[in-house]
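The structure file my_file_4.pdb is reproduced below (PDB, C-alpha atoms).
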ATOM      1  CA  MET A   1       0.000   0.000   0.000  1.00  0.00           C
ATOM      2  CA  MET A   2       2.809   2.456   0.957  1.00  0.00           C
ATOM      3  CA  LYS A   3       4.764   1.718  -2.234  1.00  0.00           C
ATOM      4  CA  THR A   4       1.674   2.399  -4.325  1.00  0.00           C
ATOM      5  CA  LEU A   5       1.048   5.694  -2.581  1.00  0.00           C
ATOM      6  CA  ILE A   6       4.668   6.793  -3.136  1.00  0.00           C
ATOM      7  CA  ALA A   7       4.492   5.758  -6.802  1.00  0.00           C
ATOM      8  CA  VAL A   8       1.323   7.802  -7.321  1.00  0.00           C
ATOM      9  CA  ALA A   9       2.840  10.858  -5.618  1.00  0.00           C
ATOM     10  CA  VAL A  10       6.033  10.659  -7.691  1.00  0.00           C
ATOM     11  CA  SER A  11       4.168  10.240 -10.988  1.00  0.00           C
ATOM     12  CA  ALA A  12       1.870  13.149 -10.095  1.00  0.00           C
ATOM     13  CA  ALA A  13       4.888  15.343  -9.333  1.00  0.00           C
ATOM     14  CA  PHE A  14       6.374  14.607 -12.743  1.00  0.00           C
ATOM     15  CA  ALA A  15       3.063  14.917 -14.602  1.00  0.00           C
ATOM     16  CA  PHE A  16       2.097  18.318 -13.173  1.00  0.00           C
ATOM     17  CA  PRO A  17       4.942  20.345 -14.783  1.00  0.00           C
ATOM     18  CA  ALA A  18       4.248  18.642 -18.107  1.00  0.00           C
ATOM     19  CA  PHE A  19       0.570  19.550 -17.834  1.00  0.00           C
ATOM     20  CA  ALA A  20       1.428  23.118 -16.894  1.00  0.00           C
ATOM     21  CA  GLN A  21       3.746  23.393 -19.895  1.00  0.00           C
ATOM     22  CA  THR A  22       1.188  22.167 -22.395  1.00  0.00           C
ATOM     23  CA  LYS A  23      -1.449  24.457 -20.938  1.00  0.00           C
ATOM     24  CA  ALA A  24       0.908  27.472 -21.193  1.00  0.00           C
ATOM     25  CA  ASP A  25       1.602  26.683 -24.834  1.00  0.00           C
ATOM     26  CA  THR A  26      -2.023  27.046 -25.877  1.00  0.00           C
ATOM     27  CA  LYS A  27      -2.507  29.575 -28.655  1.00  0.00           C
ATOM     28  CA  ASN A  28      -5.913  30.623 -27.388  1.00  0.00           C
ATOM     29  CA  ASP A  29      -4.544  32.574 -24.392  1.00  0.00           C
ATOM     30  CA  PRO A  30      -4.267  36.249 -25.430  1.00  0.00           C
ATOM     31  CA  ASN A  31      -2.207  37.073 -22.328  1.00  0.00           C
ATOM     32  CA  LEU A  32       0.771  35.012 -23.465  1.00  0.00           C
ATOM     33  CA  PRO A  33       3.383  36.692 -25.715  1.00  0.00           C
ATOM     34  CA  SER A  34       3.898  35.333 -29.202  1.00  0.00           C
ATOM     35  CA  ALA A  35       7.160  33.722 -30.265  1.00  0.00           C
ATOM     36  CA  GLN A  36       8.153  36.967 -31.990  1.00  0.00           C
ATOM     37  CA  GLU A  37       7.389  39.016 -28.850  1.00  0.00           C
ATOM     38  CA  ARG A  38       9.412  36.596 -26.725  1.00  0.00           C
ATOM     39  CA  ALA A  39      12.376  36.928 -29.133  1.00  0.00           C
ATOM     40  CA  GLU A  40      12.129  40.730 -29.015  1.00  0.00           C
ATOM     41  CA  ASN A  41      11.994  40.659 -25.229  1.00  0.00           C
ATOM     42  CA  ARG A  42      15.127  38.484 -25.116  1.00  0.00           C
ATOM     43  CA  GLU A  43      16.930  40.957 -27.402  1.00  0.00           C
ATOM     44  CA  LYS A  44      15.947  43.909 -25.214  1.00  0.00           C
ATOM     45  CA  LEU A  45      17.072  42.047 -22.119  1.00  0.00           C
ATOM     46  CA  ASN A  46      20.455  41.208 -23.639  1.00  0.00           C
ATOM     47  CA  GLU A  47      20.992  44.874 -24.564  1.00  0.00           C
ATOM     48  CA  LYS A  48      20.472  45.946 -20.956  1.00  0.00           C
ATOM     49  CA  LEU A  49      22.654  43.333 -19.285  1.00  0.00           C
ATOM     50  CA  PRO A  50      26.170  44.515 -18.382  1.00  0.00           C
ATOM     51  CA  THR A  51      29.133  42.808 -19.981  1.00  0.00           C
ATOM     52  CA  ALA A  52      31.556  40.737 -17.955  1.00  0.00           C
ATOM     53  CA  GLU A  53      34.009  43.644 -18.043  1.00  0.00           C
ATOM     54  CA  GLU A  54      31.361  46.083 -16.766  1.00  0.00           C
ATOM     55  CA  ARG A  55      30.427  43.673 -13.959  1.00  0.00           C
ATOM     56  CA  ALA A  56      34.103  43.375 -12.978  1.00  0.00           C
ATOM     57  CA  GLN A  57      34.447  47.168 -12.942  1.00  0.00           C
ATOM     58  CA  ASN A  58      31.328  47.468 -10.775  1.00  0.00           C
ATOM     59  CA  ARG A  59      32.695  44.902  -8.302  1.00  0.00           C
ATOM     60  CA  GLU A  60      35.974  46.803  -8.177  1.00  0.00           C
ATOM     61  CA  LYS A  61      34.172  50.111  -7.478  1.00  0.00           C
ATOM     62  CA  VAL A  62      32.140  48.561  -4.674  1.00  0.00           C
ATOM     63  CA  SER A  63      35.231  46.940  -3.207  1.00  0.00           C
ATOM     64  CA  ARG A  64      37.162  50.215  -3.399  1.00  0.00           C
ATOM     65  CA  GLY A  65      34.298  52.069  -1.704  1.00  0.00           C
ATOM     66  CA  ALA A  66      34.181  49.541   1.099  1.00  0.00           C
ATOM     67  CA  SER A  67      37.954  49.709   1.447  1.00  0.00           C
ATOM     68  CA  ASN A  68      37.853  53.522   1.643  1.00  0.00           C
ATOM     69  CA  ALA A  69      35.105  53.417   4.268  1.00  0.00           C
ATOM     70  CA  SER A  70      37.051  50.865   6.287  1.00  0.00           C
ATOM     71  CA  LEU A  71      40.229  52.960   6.205  1.00  0.00           C
ATOM     72  CA  THR A  72      38.289  56.095   7.206  1.00  0.00           C
ATOM     73  CA  ALA A  73      36.807  54.211  10.156  1.00  0.00           C
ATOM     74  CA  LYS A  74      40.245  52.943  11.231  1.00  0.00           C
ATOM     75  CA  VAL A  75      41.716  56.457  11.211  1.00  0.00           C
ATOM     76  CA  LYS A  76      38.735  57.899  13.115  1.00  0.00           C
ATOM     77  CA  THR A  77      39.068  55.129  15.688  1.00  0.00           C
ATOM     78  CA  ALA A  78      42.813  55.743  16.057  1.00  0.00           C
ATOM     79  CA  LEU A  79      42.212  59.482  16.580  1.00  0.00           C
ATOM     80  CA  ALA A  80      39.444  58.811  19.106  1.00  0.00           C
ATOM     81  CA  SER A  81      41.546  56.226  20.971  1.00  0.00           C
ATOM     82  CA  ASP A  82      44.453  58.594  21.560  1.00  0.00           C
ATOM     83  CA  ALA A  83      44.090  60.239  24.975  1.00  0.00           C
ATOM     84  CA  GLY A  84      45.021  63.717  23.768  1.00  0.00           C
ATOM     85  CA  MET A  85      42.858  63.509  20.664  1.00  0.00           C
ATOM     86  CA  LYS A  86      39.608  62.422  22.331  1.00  0.00           C
ATOM     87  CA  THR A  87      38.525  66.021  22.579  1.00  0.00           C
ATOM     88  CA  MET A  88      39.211  66.611  18.871  1.00  0.00           C
ATOM     89  CA  THR A  89      35.675  66.110  17.590  1.00  0.00           C
ATOM     90  CA  ASN A  90      36.097  68.741  14.876  1.00  0.00           C
ATOM     91  CA  ILE A  91      38.272  66.519  12.679  1.00  0.00           C
ATOM     92  CA  ASP A  92      36.700  65.080   9.543  1.00  0.00           C
ATOM     93  CA  VAL A  93      38.433  62.122   7.930  1.00  0.00           C
ATOM     94  CA  ASP A  94      38.100  61.074   4.297  1.00  0.00           C
ATOM     95  CA  SER A  95      40.074  58.444   2.423  1.00  0.00           C
ATOM     96  CA  ASN A  96      40.538  57.492  -1.190  1.00  0.00           C
ATOM     97  CA  GLU A  97      42.763  54.596  -2.197  1.00  0.00           C
ATOM     98  CA  GLY A  98      45.042  54.926   0.810  1.00  0.00           C
ATOM     99  CA  VAL A  99      45.239  58.734   0.793  1.00  0.00           C
ATOM    100  CA  VAL A 100      43.697  60.099   3.992  1.00  0.00           C
ATOM    101  CA  THR A 101      42.534  63.711   4.165  1.00  0.00           C
ATOM    102  CA  LEU A 102      42.120  65.396   7.537  1.00  0.00           C
ATOM    103  CA  LYS A 103      39.885  68.482   7.612  1.00  0.00           C
ATOM    104  CA  GLY A 104      38.482  70.598  10.374  1.00  0.00           C
ATOM    105  CA  LYS A 105      39.724  72.764  13.220  1.00  0.00           C
ATOM    106  CA  VAL A 106      42.196  72.102  15.999  1.00  0.00           C
ATOM    107  CA  ASP A 107      43.380  74.415  18.776  1.00  0.00           C
ATOM    108  CA  SER A 108      47.145  74.144  18.212  1.00  0.00           C
ATOM    109  CA  SER A 109      49.800  73.261  15.693  1.00  0.00           C
ATOM    110  CA  ASP A 110      50.881  70.426  18.002  1.00  0.00           C
ATOM    111  CA  ALA A 111      47.387  68.931  17.784  1.00  0.00           C
ATOM    112  CA  LYS A 112      47.535  69.245  13.997  1.00  0.00           C
ATOM    113  CA  LYS A 113      50.895  67.437  13.853  1.00  0.00           C
ATOM    114  CA  LYS A 114      49.726  64.788  16.306  1.00  0.00           C
ATOM    115  CA  ALA A 115      46.580  64.040  14.278  1.00  0.00           C
ATOM    116  CA  GLU A 116      48.689  63.594  11.151  1.00  0.00           C
ATOM    117  CA  ALA A 117      51.154  61.320  12.963  1.00  0.00           C
ATOM    118  CA  ILE A 118      48.332  59.153  14.317  1.00  0.00           C
ATOM    119  CA  ALA A 119      46.747  58.851  10.874  1.00  0.00           C
ATOM    120  CA  LYS A 120      50.082  57.882   9.267  1.00  0.00           C
ATOM    121  CA  LYS A 121      50.474  54.966  11.708  1.00  0.00           C
ATOM    122  CA  VAL A 122      47.195  53.343  10.638  1.00  0.00           C
ATOM    123  CA  ASP A 123      47.651  50.226   8.521  1.00  0.00           C
ATOM    124  CA  GLY A 124      46.661  50.911   4.913  1.00  0.00           C
ATOM    125  CA  VAL A 125      47.425  54.643   4.932  1.00  0.00           C
ATOM    126  CA  LYS A 126      49.797  55.537   2.099  1.00  0.00           C
ATOM    127  CA  ARG A 127      49.737  59.296   2.516  1.00  0.00           C
ATOM    128  CA  VAL A 128      48.063  61.941   4.704  1.00  0.00           C
ATOM    129  CA  LYS A 129      46.808  65.280   3.410  1.00  0.00           C
ATOM    130  CA  ASN A 130      46.612  67.449   6.496  1.00  0.00           C
ATOM    131  CA  GLU A 131      44.137  70.254   5.802  1.00  0.00           C
ATOM    132  CA  LEU A 132      43.438  70.967   9.473  1.00  0.00           C
ATOM    133  CA  LYS A 133      43.139  74.632  10.415  1.00  0.00           C
ATOM    134  CA  VAL A 134      44.599  75.893  13.687  1.00  0.00           C
ATOM    135  CA  GLU A 135      42.176  78.101  15.575  1.00  0.00           C
ATOM    136  CA  ALA A 136      42.727  78.993  19.201  1.00  0.00           C
ATOM    137  CA  LYS A 137      39.838  78.141  21.511  1.00  0.00           C
ATOM    138  CA  LYS A 138      37.659  81.096  22.363  1.00  0.00           C
ATOM    139  CA  SER A 139      37.546  81.782  26.076  1.00  0.00           C
ATOM    140  CA  SER A 140      34.136  82.360  27.603  1.00  0.00           C
TER     141      SER A 140
END

Starting from the file, give its structure as structure tokens.
Amino acid sequence: MMKTLIAVAVSAAFAFPAFAQTKADTKNDPNLPSAQERAENREKLNEKLPTAEERAQNREKVSRGASNASLTAKVKTALASDAGMKTMTNIDVDSNEGVVTLKGKVDSSDAKKKAEAIAKKVDGVKRVKNELKVEAKKSS
């Protein structure tokens, strides 16, 4: 009895896709595209798909962007971790292919030099562009 039930279930599973295929091929269904329309749709789709080279370039761009974001985060963390730099919240960090740019305001030239030195020590940094401006703190 169990073998018969399994045999019926298996044959039904194989028969259903065949039935669905023959039903979809009926010419009486106006909602289905014609062979010519299907061919045109395939052509349009192929025109829109990126080439292997374009896909590789896209992967490289995404990877580079993630790498830049990671390096920026490392430099920000290094600046925040340094005891003397914790109060330096006015420093913006950007990176592009290993070149880190520091922008913002610091209260002394020593702080400017220290920020650059900290950034240079971070793994992955090739060069630091120090665009920090020295502005003395205003006393209240």

Task: Among the residues A:Lys74, A:Lys61, A:Lys112, A:Lys103, the one that comes closest to A:Glu131 [using all atoms listed in the file] - done: A:Lys103

Task: A:Ala119 environment, 12 Å, all atoms listed in the file, sequence neighbours closer than 5 positions dropped, as an MDAnalysis selection string - done: chainID A and resid 71:82 85 91:95 98:102 112:114 124:130

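Going from atom CA of A:Gly65 to atom CA of A:Asp123 covers 16.9 Å.
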
Task: Straight-line distance linking atom CA of A:Val122 with atom CA of A:Ala56, stated in Å to one decimal - done: 28.8 Å

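With atom CA of A:Asp107 on one side and atom CA of A:Glu135 on the other, the separation reads 5.0 Å.
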
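Comparing A:Glu40, A:Lys133, A:Val106, A:Asn96 by their smallest distance to A:Ala69, the closest is A:Asn96 (using all atoms listed in the file).
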
Give the padded box for stretch 113-128 of chain A as JSON: axis-aligned, covering all atoms listed in the file, 6 Å on each side, centre and edge lengths in Å to one decimal.
{"center_x": 48.9, "center_y": 58.8, "center_z": 9.2, "size_x": 16.6, "size_y": 29.2, "size_z": 26.2}
